[in-house]
file structure39.csv (CSV, C-alpha atoms)
chain,number,residue,atom,x,y,z
A,1,MET,CA,-15.1,19.3,15.4
A,2,HIS,CA,-13.5,20.1,12.1
A,3,GLU,CA,-10.5,18.0,10.9
A,4,LYS,CA,-7.6,20.3,10.1
A,5,ALA,CA,-7.0,20.7,6.4
A,6,SER,CA,-3.3,20.6,7.0
A,7,THR,CA,-3.7,17.0,8.1
A,8,ASN,CA,-2.9,14.3,5.5
A,9,ALA,CA,-6.2,13.2,4.1
A,10,TYR,CA,-6.9,10.4,1.6
A,11,LEU,CA,-9.7,8.9,-0.3
A,12,VAL,CA,-9.4,5.1,-0.8
A,13,VAL,CA,-11.8,3.0,-2.9
A,14,ASN,CA,-11.7,-0.5,-4.1
A,15,LEU,CA,-13.1,-0.6,-7.7
A,16,SER,CA,-12.8,-4.4,-7.9
A,17,GLU,CA,-11.1,-7.3,-6.1
A,18,SER,CA,-7.9,-6.5,-7.9
A,19,GLN,CA,-8.0,-2.7,-8.3
A,20,ARG,CA,-7.7,0.0,-5.6
A,21,VAL,CA,-7.5,3.8,-6.1
A,22,GLU,CA,-5.9,6.2,-3.6
A,23,LEU,CA,-6.1,10.0,-3.8
A,24,ARG,CA,-4.5,12.5,-1.5
A,25,CYS,CA,-6.8,15.4,-0.5
A,26,LYS,CA,-5.4,18.9,0.3
A,27,LYS,CA,-6.7,22.4,0.4
A,28,GLY,CA,-8.9,23.1,-2.7
A,29,GLU,CA,-11.4,20.9,-4.5
A,30,VAL,CA,-11.4,17.2,-5.4
A,31,LEU,CA,-14.0,16.3,-8.0
A,32,ILE,CA,-15.5,12.8,-8.0
A,33,GLY,CA,-17.4,11.3,-10.9
A,34,ARG,CA,-17.4,9.3,-14.1
A,35,SER,CA,-16.0,12.1,-16.3
A,36,PRO,CA,-12.3,12.0,-17.4
A,37,ALA,CA,-12.1,15.5,-16.0
A,38,CYS,CA,-12.7,14.3,-12.4
A,39,ASP,CA,-9.8,13.9,-10.0
A,40,LEU,CA,-11.2,10.6,-8.8
A,41,ILE,CA,-12.9,8.6,-11.6
A,42,LEU,CA,-15.5,6.0,-10.7
A,43,PRO,CA,-16.3,4.1,-13.8
A,44,GLU,CA,-19.9,2.8,-13.3
A,45,SER,CA,-22.9,4.2,-15.2
A,46,SER,CA,-24.8,4.8,-11.9
A,47,VAL,CA,-22.2,7.4,-11.0
A,48,SER,CA,-22.9,10.9,-12.5
A,49,ARG,CA,-20.3,12.5,-14.7
A,50,LYS,CA,-19.7,15.0,-11.9
A,51,HIS,CA,-21.1,13.4,-8.8
A,52,ALA,CA,-19.6,15.0,-5.7
A,53,ARG,CA,-16.8,17.3,-4.6
A,54,ILE,CA,-14.6,17.3,-1.5
A,55,VAL,CA,-13.3,20.7,-0.5
A,56,GLY,CA,-10.4,21.3,1.9
A,57,THR,CA,-10.2,24.6,3.8
A,58,GLU,CA,-8.2,25.9,6.7
A,59,PHE,CA,-11.0,24.6,9.0
A,60,GLY,CA,-11.3,21.1,7.6
A,61,PHE,CA,-12.9,19.0,4.8
A,62,PHE,CA,-16.4,18.8,3.6
A,63,ILE,CA,-18.2,16.9,0.9
A,64,GLU,CA,-21.0,18.3,-1.3
A,65,ASP,CA,-23.3,16.2,-3.5
A,66,VAL,CA,-23.8,17.6,-7.1
A,67,SER,CA,-25.5,14.5,-8.6
A,68,LYS,CA,-29.0,13.3,-9.3
A,69,ASN,CA,-28.4,9.8,-7.9
A,70,GLY,CA,-27.2,11.0,-4.5
A,71,THR,CA,-24.2,10.7,-2.2
A,72,PHE,CA,-24.7,8.8,1.1
A,73,ILE,CA,-23.1,8.7,4.5
A,74,ASP,CA,-24.4,6.3,7.2
A,75,GLY,CA,-27.2,5.3,4.9
A,76,ARG,CA,-28.6,8.8,4.5
A,77,ARG,CA,-28.5,11.0,1.5
A,78,ILE,CA,-26.4,14.2,2.1
A,79,THR,CA,-26.3,17.6,0.5
A,80,LYS,CA,-23.2,19.0,2.2
A,81,GLU,CA,-21.5,17.5,5.2
A,82,THR,CA,-18.3,17.9,7.2
A,83,LEU,CA,-15.9,14.9,6.9
A,84,ALA,CA,-14.3,13.3,9.9
A,85,ASP,CA,-11.6,10.6,10.0
A,86,ASN,CA,-12.7,7.2,8.8
A,87,THR,CA,-15.9,8.4,7.2
A,88,GLU,CA,-17.5,6.0,4.6
A,89,ILE,CA,-19.0,7.6,1.6
A,90,LYS,CA,-21.4,5.7,-0.7
A,91,ILE,CA,-21.4,6.7,-4.3
A,92,GLY,CA,-23.1,4.3,-6.7
A,93,PRO,CA,-21.8,0.8,-6.1
A,94,TYR,CA,-18.6,2.2,-4.4
A,95,VAL,CA,-17.7,2.8,-0.8
A,96,LEU,CA,-15.1,5.5,-0.4
A,97,ASN,CA,-13.1,5.7,2.8
A,98,PHE,CA,-12.0,9.2,3.9
A,99,MET,CA,-9.0,9.1,6.2
A,100,THR,CA,-7.1,11.9,7.8
A,101,SER,CA,-4.6,9.5,9.4
A,102,SER,CA,-2.1,7.4,7.5
A,103,LEU,CA,-3.3,5.0,4.9
A,104,ASP,CA,-4.5,1.7,6.4
A,105,THR,CA,-4.8,-0.7,3.5
A,106,GLU,CA,-4.2,-4.4,3.7
A,107,LYS,CA,-0.7,-4.1,2.4
A,108,GLN,CA,0.2,-1.3,4.7
A,109,ASP,CA,1.6,-4.0,7.0
A,110,GLU,CA,4.5,-4.5,4.5
A,111,ARG,CA,6.7,-1.8,6.0
A,112,PRO,CA,10.3,-1.5,4.8
A,113,THR,CA,12.4,1.1,6.7
A,114,VAL,CA,13.4,4.6,5.8
A,115,PRO,CA,15.5,7.4,7.3
A,116,LEU,CA,13.6,9.9,9.3
A,117,ASN,CA,14.7,13.6,10.1
A,118,ASP,CA,13.2,15.4,13.1
A,119,THR,CA,13.2,13.2,16.2
A,120,ALA,CA,10.4,11.0,17.5
A,121,SER,CA,10.5,8.6,20.4
A,122,ILE,CA,9.2,5.1,20.3
A,123,PRO,CA,9.0,3.0,23.5
A,124,HIS,CA,11.9,0.5,23.8
A,125,GLY,CA,11.7,-1.4,27.1
A,126,ARG,CA,13.3,1.0,29.6
A,127,LYS,CA,14.9,3.0,26.9
A,128,ALA,CA,13.8,5.2,24.1
A,129,ASN,CA,14.8,4.6,20.5
A,130,LYS,CA,15.2,7.9,18.6
A,131,ILE,CA,14.5,7.9,14.9
A,132,ARG,CA,14.9,10.8,12.4
A,133,ARG,CA,12.2,12.0,10.0
A,134,ALA,CA,12.9,12.6,6.3
A,135,SER,CA,12.4,16.2,5.1
A,136,ALA,CA,11.2,15.2,1.6
A,137,ILE,CA,8.0,13.5,2.8
A,138,ASP,CA,6.2,12.6,6.0
A,139,PRO,CA,7.1,8.9,6.6
A,140,SER,CA,3.7,8.4,8.3
A,141,GLU,CA,2.2,8.9,4.9
A,142,ILE,CA,4.1,5.8,3.6
A,143,GLY,CA,4.8,3.7,6.7
A,144,LEU,CA,8.6,3.6,6.2
A,145,ILE,CA,10.7,3.2,9.4
A,146,GLY,CA,14.4,2.6,10.0
A,147,ASN,CA,18.0,3.6,9.4
A,148,SER,CA,20.0,0.7,8.0
A,149,LYS,CA,22.5,1.3,5.2
A,150,GLU,CA,20.4,-0.8,2.8
A,151,ILE,CA,17.3,1.2,3.4
A,152,LEU,CA,19.1,4.6,3.3
A,153,GLU,CA,20.3,3.6,-0.2
A,154,LEU,CA,16.8,2.4,-1.1
A,155,PHE,CA,15.3,5.7,-0.1
A,156,ALA,CA,17.9,7.7,-2.0
A,157,LEU,CA,17.0,5.7,-5.1
A,158,MET,CA,13.3,6.4,-4.5
A,159,LYS,CA,13.9,10.2,-4.3
A,160,LYS,CA,16.0,10.2,-7.4
A,161,VAL,CA,13.6,8.3,-9.6
A,162,ALA,CA,10.6,10.2,-8.2
A,163,GLU,CA,11.9,13.3,-10.1
A,164,THR,CA,11.6,11.5,-13.4
A,165,ASP,CA,8.8,9.7,-15.3
A,166,PHE,CA,10.8,6.5,-16.0
A,167,PRO,CA,9.0,3.2,-15.5
A,168,VAL,CA,10.2,1.5,-12.3
A,169,LEU,CA,10.4,-2.2,-11.6
A,170,ILE,CA,10.4,-3.0,-7.9
A,171,ILE,CA,11.9,-6.4,-7.0
A,172,GLY,CA,11.6,-8.1,-3.7
A,173,GLU,CA,10.3,-11.0,-1.7
A,174,THR,CA,6.7,-11.2,-0.4
A,175,GLY,CA,6.2,-9.0,2.6
A,176,THR,CA,9.2,-6.6,2.0
A,177,GLY,CA,7.0,-3.6,1.2
A,178,LYS,CA,6.9,-3.3,-2.6
A,179,GLU,CA,3.7,-1.3,-2.7
A,180,LEU,CA,4.8,1.1,0.0
A,181,VAL,CA,7.9,1.9,-2.1
A,182,ALA,CA,5.7,2.4,-5.1
A,183,ARG,CA,3.4,4.7,-3.1
A,184,GLY,CA,6.4,6.6,-1.7
A,185,ILE,CA,7.7,7.3,-5.2
A,186,HIS,CA,4.3,8.6,-6.2
A,187,LEU,CA,4.0,10.9,-3.2
A,188,MET,CA,7.5,12.3,-3.9
A,189,SER,CA,6.8,12.9,-7.6
A,190,THR,CA,5.1,15.8,-9.5
A,191,ARG,CA,2.1,13.4,-10.0
A,192,ARG,CA,1.3,13.2,-6.2
A,193,ALA,CA,-1.9,15.4,-6.6
A,194,HIS,CA,-3.4,12.7,-8.9
A,195,SER,CA,-4.5,9.2,-8.2
A,196,PHE,CA,-2.4,6.2,-7.2
A,197,VAL,CA,-4.1,3.2,-8.8
A,198,ALA,CA,-2.9,-0.2,-7.6
A,199,VAL,CA,-3.7,-3.3,-9.6
A,200,ASN,CA,-2.9,-6.8,-8.3
A,201,CYS,CA,-2.3,-8.7,-11.5
A,202,SER,CA,-2.4,-12.1,-9.7
A,203,ALA,CA,-5.9,-11.4,-8.3
A,204,ILE,CA,-7.6,-10.6,-11.7
A,205,ALA,CA,-10.1,-13.3,-12.8
A,206,PRO,CA,-9.0,-15.2,-15.9
A,207,GLY,CA,-9.9,-13.4,-19.1
A,208,LEU,CA,-10.6,-10.1,-17.4
A,209,THR,CA,-7.1,-8.6,-17.3
A,210,GLU,CA,-7.5,-6.6,-20.5
A,211,SER,CA,-10.8,-5.1,-19.3
A,212,GLU,CA,-9.4,-4.3,-15.9
A,213,LEU,CA,-6.4,-2.4,-17.4
A,214,PHE,CA,-7.9,-0.8,-20.5
A,215,GLY,CA,-11.7,-0.8,-19.8
A,216,HIS,CA,-14.4,-2.0,-22.2
A,217,GLU,CA,-17.3,-0.7,-24.3
A,218,LYS,CA,-20.9,-1.5,-23.7
A,219,GLY,CA,-21.7,-5.0,-25.2
A,220,ALA,CA,-18.0,-5.9,-25.7
A,221,PHE,CA,-18.7,-9.2,-24.0
A,222,THR,CA,-21.4,-11.0,-22.0
A,223,GLY,CA,-22.0,-8.9,-18.9
A,224,ALA,CA,-20.7,-5.7,-20.3
A,225,LEU,CA,-23.9,-3.8,-19.7
A,226,SER,CA,-22.3,-0.4,-19.9
A,227,GLU,CA,-18.9,1.2,-20.9
A,228,ARG,CA,-16.3,1.1,-18.2
A,229,LYS,CA,-13.0,2.9,-17.8
A,230,GLY,CA,-10.0,0.7,-17.0
A,231,ALA,CA,-7.1,1.4,-14.7
A,232,PHE,CA,-5.1,3.3,-17.3
A,233,GLU,CA,-7.8,5.9,-17.7
A,234,ILE,CA,-8.6,6.0,-14.0
A,235,ALA,CA,-4.9,6.8,-13.2
A,236,GLN,CA,-4.9,9.6,-15.8
A,237,GLY,CA,-2.2,12.1,-14.6
A,238,GLY,CA,-1.1,9.9,-11.8
A,239,THR,CA,0.6,6.6,-11.2
A,240,LEU,CA,-0.5,3.1,-12.1
A,241,PHE,CA,1.1,0.4,-9.9
A,242,LEU,CA,1.1,-3.1,-11.4
A,243,ASP,CA,1.7,-5.5,-8.5
A,244,GLU,CA,2.9,-9.1,-9.3
A,245,VAL,CA,3.3,-8.1,-13.0
A,246,GLY,CA,5.0,-11.5,-13.5
A,247,ASP,CA,1.5,-13.1,-13.2
A,248,MET,CA,0.1,-11.2,-16.1
A,249,SER,CA,-1.2,-13.5,-18.9
A,250,LYS,CA,0.9,-13.7,-22.0
A,251,ASP,CA,-1.9,-12.6,-24.3
A,252,VAL,CA,-2.2,-9.2,-22.5
A,253,GLN,CA,1.6,-8.5,-22.3
A,254,PRO,CA,1.9,-7.2,-25.9
A,255,LYS,CA,-1.1,-4.9,-25.4
A,256,LEU,CA,0.6,-3.5,-22.2
A,257,LEU,CA,3.8,-3.0,-24.1
A,258,ARG,CA,1.9,-1.0,-26.8
A,259,ALA,CA,0.2,1.1,-24.2
A,260,LEU,CA,3.6,1.9,-22.6
A,261,GLU,CA,5.3,2.7,-25.9
A,262,GLU,CA,2.5,4.8,-27.5
A,263,SER,CA,0.9,6.3,-24.3
A,264,GLU,CA,-2.5,5.2,-25.6
A,265,ILE,CA,-4.9,2.4,-25.0
A,266,LYS,CA,-7.9,0.9,-26.7
A,267,ARG,CA,-10.9,-0.4,-24.7
A,268,VAL,CA,-12.1,-4.0,-25.2
A,269,GLY,CA,-14.6,-3.7,-28.0
A,270,GLY,CA,-13.6,-0.2,-28.8
A,271,THR,CA,-12.6,1.2,-32.2
A,272,HIS,CA,-10.7,4.3,-31.2
A,273,SER,CA,-7.6,4.9,-29.1
A,274,VAL,CA,-7.5,6.9,-25.9
A,275,SER,CA,-4.4,8.9,-24.9
A,276,VAL,CA,-3.1,8.4,-21.4
A,277,ASN,CA,-0.6,10.3,-19.4
A,278,ILE,CA,0.5,8.1,-16.5
A,279,ARG,CA,3.6,6.8,-14.7
A,280,ILE,CA,4.0,3.1,-14.6
A,281,ILE,CA,5.5,1.3,-11.6
A,282,ALA,CA,5.6,-2.5,-11.6
A,283,ALA,CA,6.6,-5.0,-8.9
A,284,THR,CA,7.4,-8.7,-8.8
A,285,ASN,CA,8.8,-11.4,-6.5
A,286,ARG,CA,9.9,-13.4,-9.5
A,287,ASP,CA,13.1,-13.5,-11.5
A,288,LEU,CA,11.7,-11.9,-14.7
A,289,ARG,CA,15.0,-12.1,-16.5
A,290,GLU,CA,14.9,-15.9,-16.0
A,291,GLU,CA,11.3,-16.0,-17.1
A,292,THR,CA,12.2,-14.1,-20.3
A,293,ALA,CA,14.8,-16.8,-21.1
A,294,GLU,CA,12.1,-19.5,-20.6
A,295,LYS,CA,9.7,-17.4,-22.8
A,296,MET,CA,7.2,-17.1,-19.9
A,297,PHE,CA,7.5,-13.3,-20.0
A,298,ARG,CA,8.1,-11.0,-23.0
A,299,LYS,CA,11.6,-9.8,-23.3
A,300,ASP,CA,10.7,-6.5,-24.8
A,301,LEU,CA,8.1,-5.8,-22.1
A,302,PHE,CA,10.7,-6.7,-19.4
A,303,TYR,CA,13.2,-4.2,-20.8
A,304,ARG,CA,10.5,-1.6,-21.0
A,305,LEU,CA,9.5,-2.0,-17.4
A,306,ASN,CA,13.1,-2.5,-16.2
A,307,SER,CA,14.1,1.1,-17.1
A,308,PHE,CA,14.9,1.8,-13.5
A,309,PRO,CA,15.0,-1.4,-11.3
A,310,ILE,CA,14.8,-1.1,-7.5
A,311,SER,CA,15.6,-4.1,-5.3
A,312,ILE,CA,14.2,-4.2,-1.7
A,313,PRO,CA,16.4,-6.2,0.6
A,314,PRO,CA,14.7,-8.9,2.7
A,315,LEU,CA,14.4,-8.2,6.4
A,316,ARG,CA,17.1,-10.8,7.3
A,317,GLU,CA,19.7,-8.7,5.5
A,318,ARG,CA,18.9,-5.6,7.5
A,319,SER,CA,18.4,-7.0,11.0
A,320,GLN,CA,19.3,-3.7,12.7
A,321,ASP,CA,15.9,-2.3,11.5
A,322,VAL,CA,14.0,-5.1,13.3
A,323,LYS,CA,14.0,-3.3,16.7
A,324,LEU,CA,12.8,0.0,15.2
A,325,LEU,CA,10.0,-1.8,13.3
A,326,ALA,CA,9.0,-3.8,16.3
A,327,ASP,CA,8.7,-0.7,18.4
A,328,TYR,CA,6.8,1.1,15.6
A,329,PHE,CA,4.2,-1.8,15.3
A,330,LEU,CA,3.8,-2.0,19.1
A,331,LEU,CA,3.2,1.8,19.3
A,332,SER,CA,0.6,1.5,16.5
A,333,TYR,CA,-1.1,-1.2,18.5
A,334,ALA,CA,-1.1,1.0,21.6
A,335,GLN,CA,-2.6,3.9,19.7
A,336,LYS,CA,-5.3,1.7,18.2
A,337,TYR,CA,-6.4,-0.2,21.3
A,338,GLY,CA,-5.2,2.1,24.1
A,339,LYS,CA,-3.0,-0.5,25.7
A,340,ARG,CA,0.6,0.7,25.9
A,341,LYS,CA,3.3,-2.0,26.2
A,342,ALA,CA,7.0,-2.2,25.8
A,343,PHE,CA,9.6,-4.9,24.9
A,344,THR,CA,12.3,-6.1,27.3
A,345,ASP,CA,15.8,-5.8,25.8
A,346,GLU,CA,16.0,-9.6,25.7
A,347,ALA,CA,12.8,-9.8,23.7
A,348,LEU,CA,14.1,-7.3,21.1
A,349,ASP,CA,17.4,-9.3,20.9
A,350,VAL,CA,15.3,-12.5,20.0
A,351,LEU,CA,13.4,-10.6,17.4
A,352,ALA,CA,16.6,-9.2,15.8
A,353,LYS,CA,18.2,-12.7,15.5
A,354,TYR,CA,15.2,-14.4,13.9
A,355,PRO,CA,15.5,-14.8,10.0
A,356,TRP,CA,12.0,-13.5,9.2
A,357,PRO,CA,11.2,-15.6,6.1
A,358,GLY,CA,7.9,-13.7,5.8
A,359,ASN,CA,9.7,-10.4,6.1
A,360,VAL,CA,8.0,-7.3,7.6
A,361,ARG,CA,4.5,-8.7,7.3
A,362,GLU,CA,5.5,-11.7,9.5
A,363,LEU,CA,7.1,-9.3,12.0
A,364,LYS,CA,4.0,-7.2,12.3
A,365,ASN,CA,1.9,-10.3,12.8
A,366,VAL,CA,4.1,-11.6,15.6
A,367,ILE,CA,4.1,-8.2,17.4
A,368,ASN,CA,0.3,-8.0,17.3
A,369,ARG,CA,0.0,-11.5,18.7
A,370,ALA,CA,2.5,-10.7,21.5
A,371,ALA,CA,0.6,-7.6,22.4
A,372,VAL,CA,-2.7,-9.5,22.6
A,373,LEU,CA,-1.3,-12.4,24.6
A,374,THR,CA,0.8,-10.3,27.1
A,375,GLN,CA,-1.2,-9.2,30.2
A,376,GLU,CA,1.8,-7.3,31.7
A,377,ASP,CA,3.2,-4.0,30.6
A,378,GLU,CA,6.4,-5.6,29.2
A,379,ILE,CA,6.6,-8.3,26.5
A,380,SER,CA,9.2,-10.9,27.5
A,381,SER,CA,11.7,-12.9,25.4
A,382,TYR,CA,9.9,-16.0,26.5
A,383,THR,CA,6.6,-14.8,24.9
A,384,ILE,CA,8.5,-14.0,21.7
A,385,LYS,CA,10.1,-17.4,21.6
A,386,GLU,CA,6.8,-19.1,22.1
A,387,LEU,CA,5.3,-17.2,19.2
A,388,LEU,CA,8.3,-17.9,16.9
A,389,SER,CA,8.4,-21.6,18.1
A,390,VAL,CA,12.1,-21.2,18.4
A,391,GLU,CA,14.1,-24.4,19.2
A,392,SER,CA,17.5,-23.3,18.0
A,393,HIS,CA,20.1,-23.2,20.7
A,394,SER,CA,21.5,-20.1,19.1
A,395,ILE,CA,18.4,-18.2,20.1
A,396,GLN,CA,16.9,-20.2,23.0
A,397,SER,CA,18.9,-19.7,26.2
A,398,PRO,CA,19.7,-22.5,28.5
A,399,GLY,CA,17.3,-22.9,31.4
A,400,ASP,CA,14.3,-21.5,29.5
A,401,PRO,CA,11.1,-23.5,30.2
A,402,PRO,CA,9.8,-25.7,27.5
A,403,VAL,CA,7.1,-24.2,25.2
A,404,PRO,CA,3.7,-25.3,26.6
A,405,ARG,CA,1.3,-27.0,24.2
A,406,ALA,CA,-1.4,-24.5,25.1
A,407,THR,CA,0.6,-21.8,23.3
A,408,CYS,CA,-0.5,-23.0,19.9
A,409,ARG,CA,-4.1,-22.7,21.0
A,410,LYS,CA,-3.6,-19.2,22.4
A,411,ILE,CA,-2.0,-18.1,19.1
A,412,GLU,CA,-4.9,-19.5,17.1
A,413,LEU,CA,-7.4,-17.6,19.3
A,414,ALA,CA,-5.4,-14.4,19.0
A,415,GLU,CA,-5.4,-14.6,15.2
A,416,ARG,CA,-9.2,-15.0,15.0
call {"tool": "encode", "arguments": {"input": "structure39.csv", "output": "structure tokens"}}
result
Amino acid sequence: MHEKASTNAYLVVNLSESQRVELRCKKGEVLIGRSPACDLILPESSVSRKHARIVGTEFGFFIEDVSKNGTFIDGRRITKETLADNTEIKIGPYVLNFMTSSLDTEKQDERPTVPLNDTASIPHGRKANKIRRASAIDPSEIGLIGNSKEILELFALMKKVAETDFPVLIIGETGTGKELVARGIHLMSTRRAHSFVAVNCSAIAPGLTESELFGHEKGAFTGALSERKGAFEIAQGGTLFLDEVGDMSKDVQPKLLRALEESEIKRVGGTHSVSVNIRIIAATNRDLREETAEKMFRKDLFYRLNSFPISIPPLRERSQDVKLLADYFLLSYAQKYGKRKAFTDEALDVLAKYPWPGNVRELKNVINRAAVLTQEDEISSYTIKELLSVESHSIQSPGDPPVPRATCRKIELAER
């Protein structure tokens, strides 16, 4: 059966441990290959300059191989094939994931909350919690749920800055959803038809940051067996997201500043400059202003990145969103595993009072554990308290039974 072309479809590929590329597919052609003219650039020599194309029609999506080295699905070489949800496509050393549902990357569990416009119901114990969907974008593409004043203001800032090409610096604690905000800005911008390239600066091996960002020429260093495009070239026309930019080594910072100011880069070992047309969004959980004072981060680079700062509030400062998020995660669990459950009102009250030091990521983990451990249709406040190891009298009600020691073992087994 064909997947509808009107469905949101994405290609997601990890180019390295620190670099991931996402590209939205719509009606028309998406060209994949090594050439700068391709919509999705795969920078290894075993990939043909024009390797494959994905075409979206009113009946669905299909992929066609136009290479010499081959395109593979399920271990077999294909010529032309219809694409279904969650199809893995092998091109050279890369595995591309084709998804017609919302993006399901590791950081997709960092979900801040956003206003929604048309109504959708999420189970809420014996009640139904109505949320509104935003008209500008489909929130399911980004994973933003909620209606607190803080998040309404955040979303308003996202929409305003998406209309510009200003560099954006997203500031927030771990687990607040910095990458989701960056992706949302990209999807609302005029660059949304091009790649969203995410680079985790803290995950790049020492000495390889420059190569990851700017690429390298053949023979530039030991192990550089062929030329390779970096994140700046791969993101051409789209958005480059620099996560944990505060972890970037000091020797690369001036080169990043030059790339931002002159819109051109030079590959490691290269002799000529390459023009780039991208939008930069950076994120950090550090106080970069303080680090500039301590000379740990370049002041001129900070001011360049800080053209439009966006601060994401921690979950403890928007507790009214906790219930919506909890219901959303529980619904996601039900859709994935076919086991529909609901929270009691008391359980939701416990969740709302907890300070969530790990923010939205911690909340999702707790909801998934509760869904696994609960055999009944409803998740009780006692189960939630067990999982949170709550001992505070402000949350634990008089008369509740003590938390059994076996709970810790059950949680460990659920996490495996």
call {"tool": "closest_residue", "arguments": {"input": "structure39.csv", "among": "A:Gly219, A:Gly207, A:Pro167, A:Gly146", "to": "Asp327 (chain A)", "atoms": "only C-alpha atoms"}}
result
A:Gly146
call {"tool": "closest_residue", "arguments": {"input": "structure39.csv", "among": "A:Thr176, A:Gln320, A:Gln236, A:Ser307", "to": "Asp39 (chain A)", "atoms": "all atoms listed in the file"}}
result
A:Gln236
call {"tool": "atom_distance", "arguments": {"input": "structure39.csv", "atom1": "CA of Ser319 (chain A)", "atom2": "CA of Val161 (chain A)"}}
result
26.1 Å
call {"tool": "atom_distance", "arguments": {"input": "structure39.csv", "atom1": "CA of Pro36 (chain A)", "atom2": "CA of Glu261 (chain A)"}}
result
21.6 Å
call {"tool": "closest_residue", "arguments": {"input": "structure39.csv", "among": "A:His51, A:Ala205, A:Val12, A:His194", "to": "Asn86 (chain A)", "atoms": "all atoms listed in the file"}}
result
A:Val12
call {"tool": "residues_around", "arguments": {"input": "structure39.csv", "residues": "Phe196 (chain A)", "least_positions_apart": "4", "cutoff": "6 Å", "atoms": "all atoms listed in the file", "output": "list in words"}}
result
Val21, Glu22 and Thr239 of chain A
call {"tool": "atom_distance", "arguments": {"input": "structure39.csv", "atom1": "CA of Ala342 (chain A)", "atom2": "CA of Gly358 (chain A)"}}
result
23.1 Å
call {"tool": "residues_near_point", "arguments": {"input": "structure39.csv", "point": "(-25.4, 15.2, -2.8)", "cutoff": "12 Å", "atoms": "all atoms listed in the file", "output": "PyMOL selection string"}}
result
chain A and resi 32+47-48+50-54+62-73+76-81+89-92
call {"tool": "residues_near_point", "arguments": {"input": "structure39.csv", "point": "(-14.2, -3.2, -21.0)", "cutoff": "12 Å", "atoms": "only C-alpha atoms", "output": "number ranges by chain"}}
result
A: 43-44, 207-233, 265-270
call {"tool": "closest_residue", "arguments": {"input": "structure39.csv", "among": "A:Lys336, A:Ile41, A:Pro313, A:Gly238", "to": "Val276 (chain A)", "atoms": "all atoms listed in the file"}}
result
A:Gly238
call {"tool": "closest_residue", "arguments": {"input": "structure39.csv", "among": "A:Ala162, A:Ala9, A:Leu169, A:Val360", "to": "Pro314 (chain A)", "atoms": "all atoms listed in the file"}}
result
A:Val360
call {"tool": "closest_residue", "arguments": {"input": "structure39.csv", "among": "A:Ser389, A:Asn359, A:Asn306, A:Thr174", "to": "Arg286 (chain A)", "atoms": "only C-alpha atoms"}}
result
A:Thr174
call {"tool": "residues_around", "arguments": {"input": "structure39.csv", "residues": "Leu242 (chain A)", "least_positions_apart": "5", "cutoff": "12 Å", "atoms": "all atoms listed in the file", "output": "MDAnalysis selection string"}}
result
chainID A and resid 18:20 167:170 178:179 182:183 196:204 209 212:213 231:232 235 247:248 256 279:284 305
